[in-house]
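Q: Below: one structure in structure tokens.
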Amino acid sequence: MNIRLTWRIATFPLALAGLSVVPLMGCDKAAELQNDLCCRDFTPGADLATVQWGLEGEAELNYGAFMQSVSDFTGAAGSIVADVTSACQAIALDLGEDASRITATKPSERATQWCELAIDAIGEAAADLSFSFQPPSCTVDASVQANCEARCSANVECQLTPAEIIARCDPGQLSGRCEGTCTGSCEGSANLAVTCEGTCHGTCEGTCDGECSATTAGGDCRGACDGTCTGECRGSCEIAADAQVECNADCSGECSLTFEAPKCKTNLKPPKAECTGTAECSGSCEASASARASCKEPAVTVTGGEGAEAVVATLRANLPRLLVAAQARGQLLLDSAEGVVAAAGNLEGAVTGSVKAGACIIPASNAITQAVENIDASLTASTRVMGELRIAPAGGE
């Protein structure tokens, strides 16, 4: 993934600047208007659904969805930079680095410094390491998107049901509990072993028809299996075409019965006509859903040469968070950012009827500037670690 895709959102503050209504009096001189003039309602990561922005009709709906998308996006950007920083910090400290070498206080700069320190700590041990891991994945929050769309259409009857999730999700992006036969991938984790007869991305526990990186005294596989794993997989199992596997976790692909608790890995297709608001409002809803996606840390198997036990141990514990940032969550946040930018471009002139709406653009602009820095730093730092470990980008590009 080209992390410099962030150039598309670098102009966001400029887009917002043209929308703002600058208050004509200072906050300390207008007590009765202080809440509006100082915009006390906008906070990154907050639920703004009940906030009244002082606009009318469609403008209120569009602006409210837009501000929620900014809040969700900036909150998620703060979370990803914190995850990357804490993962690299743990690696560096586990391997004996001195915390006093980190002097930065800004979140984006701390992520960069800690990951560079982690790379230094791993050092030459990286050359003898090998990895097998479950591809990191995220699931877009369909309920966030649907609830937002219901507000856009002002139709309280537009509630999301499991059947609608299935109907509005691309079949290739659908997953859920499957009480029948799963065809595709059975999604476990490092803490959840799933029934497997196929390719295990993670740790194979059972028989490996191929080369296994670690075995028990009895000859069973307990590591990465380069071949067909039969037994259980701590990770995700791509089920063999002729296998009849009942997935005891989420199934991604097809289920012989109806999915229970279905989820979608991408944004939902547009709702029915009576639940469709403006394109601007719907775009903000998609951005919010992407920003608030739930991402699963992948199961990781790490093996190394003699004397690399400490490196192997800390990477097993901390590499999953970096993989999520570099290969899953980062791209979703870029997609979310582009949706926010598109919505901002359609708001010009729409906020002039409200002091609060105009004033709140100012903290939103400041928050998005910091969010762009956080995402860029998170992607750059986590991708640098992947490169040093010779882990290919998602998709093998």
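FYI, nothing fancy with the structure tokens labels: chains A, B, ... in order, residues from 1 per chain, ligands from 1 as they appear.
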Considering only alpha helix (DSSP H) as DSSP defines it on the backbone, what residues of region 142-335 of chain A qualify? List them as a ChimeraX atom specification.
A: /A:142-153,162-168,279-291,309-324,330-335
Q: If you take only C-alpha atoms and a cut-off of 10 Å, which residues of region 93-147 of chain A touch region 155-170 of chain A, and what are their nearest atom pairs and distances in Å to one decimal, in chain and number order, as a tab-separated table?
A:
residue	atom	partner	partner_atom	distance
A:Ala142	CA	A:Ile165	CA	7.2
A:Ser143	CA	A:Leu160	CA	6.6
A:Val144	CA	A:Leu160	CA	9.7
A:Gln145	CA	A:Leu160	CA	9.3
A:Ala146	CA	A:Leu160	CA	6.0
A:Asn147	CA	A:Gln159	CA	6.9
Q: Mind writing the picked residues with all heavy atoms as a PDB file, in the first residue's frame?
A:
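The new file out-v8.pdb reads:
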ATOM      1  N   ALA A 142     -21.865  -2.260  10.498  1.00  0.00           N
ATOM      2  CA  ALA A 142     -23.067  -2.054   9.694  1.00  0.00           C
ATOM      3  C   ALA A 142     -24.140  -1.281  10.451  1.00  0.00           C
ATOM      4  O   ALA A 142     -24.877  -0.483   9.866  1.00  0.00           O
ATOM      5  CB  ALA A 142     -23.630  -3.403   9.246  1.00  0.00           C
ATOM      6  N   SER A 143     -24.224  -1.486  11.775  1.00  0.00           N
ATOM      7  CA  SER A 143     -25.249  -0.791  12.549  1.00  0.00           C
ATOM      8  C   SER A 143     -24.966   0.709  12.604  1.00  0.00           C
ATOM      9  O   SER A 143     -25.891   1.523  12.578  1.00  0.00           O
ATOM     10  CB  SER A 143     -25.330  -1.362  13.968  1.00  0.00           C
ATOM     11  OG  SER A 143     -24.115  -1.167  14.668  1.00  0.00           O
ATOM     12  N   VAL A 144     -23.689   1.094  12.655  1.00  0.00           N
ATOM     13  CA  VAL A 144     -23.344   2.520  12.629  1.00  0.00           C
ATOM     14  C   VAL A 144     -23.801   3.140  11.324  1.00  0.00           C
ATOM     15  O   VAL A 144     -24.423   4.213  11.301  1.00  0.00           O
ATOM     16  CB  VAL A 144     -21.821   2.713  12.813  1.00  0.00           C
ATOM     17  CG1 VAL A 144     -21.417   4.153  12.483  1.00  0.00           C
ATOM     18  CG2 VAL A 144     -21.411   2.375  14.235  1.00  0.00           C
ATOM     19  N   GLN A 145     -23.511   2.467  10.213  1.00  0.00           N
ATOM     20  CA  GLN A 145     -23.905   2.992   8.906  1.00  0.00           C
ATOM     21  C   GLN A 145     -25.427   3.081   8.785  1.00  0.00           C
ATOM     22  O   GLN A 145     -25.976   4.098   8.343  1.00  0.00           O
ATOM     23  CB  GLN A 145     -23.348   2.103   7.793  1.00  0.00           C
ATOM     24  CG  GLN A 145     -23.656   2.644   6.387  1.00  0.00           C
ATOM     25  CD  GLN A 145     -23.035   1.795   5.295  1.00  0.00           C
ATOM     26  OE1 GLN A 145     -22.150   0.980   5.541  1.00  0.00           O
ATOM     27  NE2 GLN A 145     -23.511   1.976   4.070  1.00  0.00           N
ATOM     28  N   ALA A 146     -26.137   2.023   9.187  1.00  0.00           N
ATOM     29  CA  ALA A 146     -27.591   1.997   9.033  1.00  0.00           C
ATOM     30  C   ALA A 146     -28.287   3.004   9.941  1.00  0.00           C
ATOM     31  O   ALA A 146     -29.252   3.659   9.526  1.00  0.00           O
ATOM     32  CB  ALA A 146     -28.116   0.595   9.311  1.00  0.00           C
ATOM     33  N   ASN A 147     -27.842   3.128  11.179  1.00  0.00           N
ATOM     34  CA  ASN A 147     -28.457   4.099  12.092  1.00  0.00           C
ATOM     35  C   ASN A 147     -28.259   5.522  11.593  1.00  0.00           C
ATOM     36  O   ASN A 147     -29.145   6.376  11.709  1.00  0.00           O
ATOM     37  CB  ASN A 147     -27.878   3.940  13.496  1.00  0.00           C
ATOM     38  CG  ASN A 147     -28.310   2.654  14.170  1.00  0.00           C
ATOM     39  OD1 ASN A 147     -29.327   2.074  13.798  1.00  0.00           O
ATOM     40  ND2 ASN A 147     -27.545   2.193  15.138  1.00  0.00           N
TER      41      ASN A 147
END
Q: Could you check how far CA of Thr278 (chain A) sits from CA of Asn366 (chain A), in Å to one decimal?
A: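 According to the coordinates, CA of Thr278 (chain A) and CA of Asn366 (chain A) are separated by 26.6 Å.
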Q: What's around Gly223 (chain A) at 6 Å? Count only C-alpha atoms, leave out sequence neighbours fewer than 4 positions away in its own chain, and write the answer as a PDB file with all heavy atoms, in the first residue's frame.
A:
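Result saved to out15.pdb:
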ATOM      1  N   THR A 203      -1.229 -21.139  13.670  1.00  0.00           N
ATOM      2  CA  THR A 203      -0.607 -22.343  14.220  1.00  0.00           C
ATOM      3  C   THR A 203      -1.499 -23.549  13.988  1.00  0.00           C
ATOM      4  O   THR A 203      -2.664 -23.566  14.403  1.00  0.00           O
ATOM      5  CB  THR A 203      -0.357 -22.185  15.732  1.00  0.00           C
ATOM      6  OG1 THR A 203       0.500 -21.068  15.945  1.00  0.00           O
ATOM      7  CG2 THR A 203       0.279 -23.436  16.317  1.00  0.00           C
ATOM      8  N   CYS A 204      -0.950 -24.543  13.301  1.00  0.00           N
ATOM      9  CA  CYS A 204      -1.671 -25.798  13.053  1.00  0.00           C
ATOM     10  C   CYS A 204      -1.477 -26.727  14.241  1.00  0.00           C
ATOM     11  O   CYS A 204      -0.347 -26.939  14.706  1.00  0.00           O
ATOM     12  CB  CYS A 204      -1.149 -26.452  11.772  1.00  0.00           C
ATOM     13  SG  CYS A 204      -1.862 -28.088  11.433  1.00  0.00           S
ATOM     14  N   SER A 213       6.682 -26.215  11.099  1.00  0.00           N
ATOM     15  CA  SER A 213       7.812 -25.510  11.712  1.00  0.00           C
ATOM     16  C   SER A 213       8.136 -26.008  13.114  1.00  0.00           C
ATOM     17  O   SER A 213       9.248 -25.798  13.607  1.00  0.00           O
ATOM     18  CB  SER A 213       7.545 -24.007  11.756  1.00  0.00           C
ATOM     19  OG  SER A 213       6.428 -23.726  12.598  1.00  0.00           O
ATOM     20  N   ALA A 214       7.175 -26.670  13.774  1.00  0.00           N
ATOM     21  CA  ALA A 214       7.408 -27.177  15.133  1.00  0.00           C
ATOM     22  C   ALA A 214       6.486 -28.365  15.382  1.00  0.00           C
ATOM     23  O   ALA A 214       5.309 -28.324  15.018  1.00  0.00           O
ATOM     24  CB  ALA A 214       7.161 -26.089  16.165  1.00  0.00           C
TER      25      ALA A 214
END
Q: Please measure the separation of CA of Ala76 (chain A) and CA of Ala371 (chain A), giving the value in Å to one decimal.
A: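 Between CA of Ala76 (chain A) and CA of Ala371 (chain A) the gap is 8.4 Å.
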Q: Which of these residues is nearest to Trp114 (chain A), using only C-alpha atoms: A:Ala313, A:Ala90, A:Ala287, A:Ala241?
A: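 The answer is A:Ala90, which sits nearest to Trp114 (chain A).
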Q: So, counting only C-alpha atoms, which residue among A:Tyr63, A:Phe42, A:Phe131, A:Phe259 is closest to Arg390 (chain A)?
A: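 Counting only C-alpha atoms, the residue closest to Arg390 (chain A) is A:Phe131.
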Q: Quick one: of A:Ala279, A:Ala337, A:Ala299, A:Leu257, who's nearest to Leu315 (chain A), counting only C-alpha atoms?
A: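 Closest candidate: A:Ala299.
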Q: Would you list the contacts of Asp83 (chain A) as a ChimeraX atom specification, taking every protein, DNA or RNA residue within 12 Å and counting only C-alpha atoms, but skipping same-chain residues closer than 6 positions in sequence?
A: /A:76-77,89-90,107-108,110-111,114-115,297,318-326,329-330,374-375,377-379,381-382
Q: Using only C-alpha atoms, I'd like a table of the residues in region 297-390 of chain A that come within 12 Å of region 267-277 of chain A; for each, show the closest atom pair and its distance in Å rounded to one decimal, ordered by chain and ascending number, as CSV.
A:
residue,atom,partner,partner_atom,distance
A:Leu332,CA,A:Asn267,CA,10.2
A:Asp335,CA,A:Asn267,CA,10.4
A:Ser336,CA,A:Asn267,CA,10.4
A:Gly339,CA,A:Asn267,CA,11.7
Q: Go ahead and dump the residues you just picked, N, CA, C and O atoms, as a PDB file, in the first residue's frame.
A:
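Below is the file that was written, result-v4.pdb:
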ATOM      1  N   LEU A 332      -8.535   1.242   5.786  1.00  0.00           N
ATOM      2  CA  LEU A 332      -9.911   1.657   6.088  1.00  0.00           C
ATOM      3  C   LEU A 332      -9.965   3.126   6.499  1.00  0.00           C
ATOM      4  O   LEU A 332     -10.893   3.850   6.118  1.00  0.00           O
ATOM      5  N   ASP A 335      -9.733   5.277   3.453  1.00  0.00           N
ATOM      6  CA  ASP A 335     -11.027   5.302   2.764  1.00  0.00           C
ATOM      7  C   ASP A 335     -12.001   6.223   3.489  1.00  0.00           C
ATOM      8  O   ASP A 335     -12.742   6.981   2.863  1.00  0.00           O
ATOM      9  N   SER A 336     -11.997   6.137   4.816  1.00  0.00           N
ATOM     10  CA  SER A 336     -12.876   6.991   5.615  1.00  0.00           C
ATOM     11  C   SER A 336     -12.530   8.458   5.410  1.00  0.00           C
ATOM     12  O   SER A 336     -13.410   9.310   5.260  1.00  0.00           O
ATOM     13  N   GLY A 339     -13.879   9.888   2.276  1.00  0.00           N
ATOM     14  CA  GLY A 339     -15.309  10.155   2.391  1.00  0.00           C
ATOM     15  C   GLY A 339     -15.582  11.453   3.131  1.00  0.00           C
ATOM     16  O   GLY A 339     -16.488  12.214   2.766  1.00  0.00           O
TER      17      GLY A 339
END
Q: State, in Å with one decimal place, the distance from CA of Leu93 (chain A) to CA of Gly45 (chain A).
A: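 Going from CA of Leu93 (chain A) over to CA of Gly45 (chain A), I get 29.7 Å.
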Q: So which one's closest to Asp98 (chain A), A:Ile80, A:Leu55, A:Val351, A:Ala118? Using only C-alpha atoms, please.
A: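 With only C-alpha atoms as the atom set, the closest residue is A:Ala118.
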Q: Of the candidates A:Cys186, A:Ala344, A:Ala293, A:Val51, which shows the shortest atom-to-atom distance to Val245 (chain A), using only C-alpha atoms?
A: A:Cys186
Q: Which residues come within 7 Å of region 225-231 of chain A, counting only C-alpha atoms, excluding same-chain residues fewer than 3 positions away, as a PyMOL selection string?
A: chain A and resi 195-200+204-213
Q: What would the file look like if the residues just selected were written as a compact mmCIF listing (two decimals), in the first residue's frame with N, CA, C and O atoms?
A:
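What follows is the written file result.txt:
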# COMPACT_ATOMS: atom_id res chain seq x y z
N THR A 195 -11.82 -25.67 13.78
CA THR A 195 -11.69 -26.92 13.04
C THR A 195 -11.14 -26.63 11.65
O THR A 195 -11.58 -25.70 10.97
N CYS A 196 -10.14 -27.42 11.24
CA CYS A 196 -9.47 -27.11 9.98
C CYS A 196 -9.19 -28.37 9.17
O CYS A 196 -8.80 -29.40 9.71
N GLU A 197 -9.42 -28.26 7.89
CA GLU A 197 -8.94 -29.22 6.89
C GLU A 197 -8.63 -28.40 5.64
O GLU A 197 -9.47 -28.17 4.79
N GLY A 198 -7.40 -27.88 5.62
CA GLY A 198 -7.02 -26.98 4.54
C GLY A 198 -5.77 -26.20 4.92
O GLY A 198 -4.93 -26.70 5.66
N THR A 199 -5.66 -24.98 4.44
CA THR A 199 -4.48 -24.15 4.71
C THR A 199 -4.69 -23.33 5.97
O THR A 199 -5.63 -22.56 6.06
N CYS A 200 -3.80 -23.51 6.93
CA CYS A 200 -3.90 -22.79 8.21
C CYS A 200 -2.97 -21.59 8.20
O CYS A 200 -1.76 -21.72 8.02
N CYS A 204 -0.95 -24.54 13.30
CA CYS A 204 -1.67 -25.80 13.05
C CYS A 204 -1.48 -26.73 14.24
O CYS A 204 -0.35 -26.94 14.71
N GLU A 205 -2.58 -27.25 14.75
CA GLU A 205 -2.53 -28.21 15.85
C GLU A 205 -3.18 -29.51 15.39
O GLU A 205 -4.41 -29.63 15.38
N GLY A 206 -2.36 -30.45 14.95
CA GLY A 206 -2.88 -31.69 14.41
C GLY A 206 -1.89 -32.30 13.44
O GLY A 206 -0.69 -32.34 13.70
N THR A 207 -2.38 -32.70 12.28
CA THR A 207 -1.54 -33.32 11.27
C THR A 207 -1.25 -32.32 10.15
O THR A 207 -2.16 -31.65 9.66
N CYS A 208 -0.02 -32.23 9.75
CA CYS A 208 0.38 -31.35 8.65
C CYS A 208 0.85 -32.19 7.48
O CYS A 208 1.86 -32.90 7.59
N ASP A 209 0.12 -32.14 6.38
CA ASP A 209 0.53 -32.83 5.16
C ASP A 209 1.47 -31.90 4.40
O ASP A 209 1.11 -31.26 3.42
N GLY A 210 2.68 -31.79 4.89
CA GLY A 210 3.67 -30.86 4.36
C GLY A 210 4.71 -30.61 5.43
O GLY A 210 4.91 -31.43 6.33
N GLU A 211 5.37 -29.47 5.37
CA GLU A 211 6.41 -29.16 6.35
C GLU A 211 5.84 -28.34 7.50
O GLU A 211 5.16 -27.33 7.28
N CYS A 212 6.10 -28.77 8.75
CA CYS A 212 5.63 -28.06 9.94
C CYS A 212 6.83 -27.46 10.66
O CYS A 212 7.87 -28.12 10.79
N SER A 213 6.68 -26.22 11.10
CA SER A 213 7.81 -25.51 11.71
C SER A 213 8.14 -26.01 13.11
O SER A 213 9.25 -25.80 13.61
Q: Can you pull out every residue from region 88-226 of chain A that DSSP, working from the backbone, puts in strand (DSSP E), and format the result as a PyMOL selection string?
A: chain A and resi 130-133+137-139+174-177+182-187+193-212+221-223+225-226
Q: Please produce an output containing C-alpha atoms for each residue in the selection, written as a PDB file, in the first residue's frame.
A:
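Output saved as result_13.pdb:
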ATOM      1  CA  SER A 130      10.341 -16.565   9.661  1.00  0.00           C
ATOM      2  CA  PHE A 131       6.659 -15.791  10.008  1.00  0.00           C
ATOM      3  CA  SER A 132       3.275 -17.329   9.392  1.00  0.00           C
ATOM      4  CA  PHE A 133       0.215 -15.300  10.216  1.00  0.00           C
ATOM      5  CA  SER A 137      -9.095  -8.272   8.790  1.00  0.00           C
ATOM      6  CA  CYS A 138     -11.612  -5.636   9.805  1.00  0.00           C
ATOM      7  CA  THR A 139     -15.389  -5.661   9.827  1.00  0.00           C
ATOM      8  CA  LEU A 174     -19.860 -11.482   4.130  1.00  0.00           C
ATOM      9  CA  SER A 175     -19.114 -13.507   7.252  1.00  0.00           C
ATOM     10  CA  GLY A 176     -20.967 -14.844  10.261  1.00  0.00           C
ATOM     11  CA  ARG A 177     -21.687 -17.865  12.382  1.00  0.00           C
ATOM     12  CA  CYS A 182     -18.577 -23.528   5.622  1.00  0.00           C
ATOM     13  CA  THR A 183     -17.036 -23.067   2.185  1.00  0.00           C
ATOM     14  CA  GLY A 184     -14.265 -20.520   2.253  1.00  0.00           C
ATOM     15  CA  SER A 185     -12.405 -19.560   5.423  1.00  0.00           C
ATOM     16  CA  CYS A 186     -13.078 -20.343   9.079  1.00  0.00           C
ATOM     17  CA  GLU A 187     -11.888 -17.341  11.103  1.00  0.00           C
ATOM     18  CA  ALA A 193      -8.675 -22.735  17.634  1.00  0.00           C
ATOM     19  CA  VAL A 194     -11.042 -23.617  14.774  1.00  0.00           C
ATOM     20  CA  THR A 195     -11.688 -26.917  13.039  1.00  0.00           C
ATOM     21  CA  CYS A 196      -9.472 -27.114   9.981  1.00  0.00           C
ATOM     22  CA  GLU A 197      -8.939 -29.221   6.890  1.00  0.00           C
ATOM     23  CA  GLY A 198      -7.021 -26.982   4.540  1.00  0.00           C
ATOM     24  CA  THR A 199      -4.483 -24.153   4.706  1.00  0.00           C
ATOM     25  CA  CYS A 200      -3.900 -22.791   8.212  1.00  0.00           C
ATOM     26  CA  HIS A 201      -2.752 -19.187   8.537  1.00  0.00           C
ATOM     27  CA  GLY A 202      -1.487 -19.312  12.092  1.00  0.00           C
ATOM     28  CA  THR A 203      -0.607 -22.343  14.220  1.00  0.00           C
ATOM     29  CA  CYS A 204      -1.671 -25.798  13.053  1.00  0.00           C
ATOM     30  CA  GLU A 205      -2.530 -28.211  15.852  1.00  0.00           C
ATOM     31  CA  GLY A 206      -2.881 -31.694  14.407  1.00  0.00           C
ATOM     32  CA  THR A 207      -1.535 -33.319  11.269  1.00  0.00           C
ATOM     33  CA  CYS A 208       0.378 -31.347   8.653  1.00  0.00           C
ATOM     34  CA  ASP A 209       0.528 -32.833   5.156  1.00  0.00           C
ATOM     35  CA  GLY A 210       3.666 -30.858   4.360  1.00  0.00           C
ATOM     36  CA  GLU A 211       6.408 -29.160   6.351  1.00  0.00           C
ATOM     37  CA  CYS A 212       5.628 -28.061   9.940  1.00  0.00           C
ATOM     38  CA  CYS A 221       2.251 -30.289  14.323  1.00  0.00           C
ATOM     39  CA  ARG A 222       2.295 -27.296  16.670  1.00  0.00           C
ATOM     40  CA  GLY A 223       3.503 -24.557  14.360  1.00  0.00           C
ATOM     41  CA  CYS A 225       2.128 -25.779   8.363  1.00  0.00           C
ATOM     42  CA  ASP A 226       3.298 -25.448   4.752  1.00  0.00           C
TER      43      ASP A 226
END
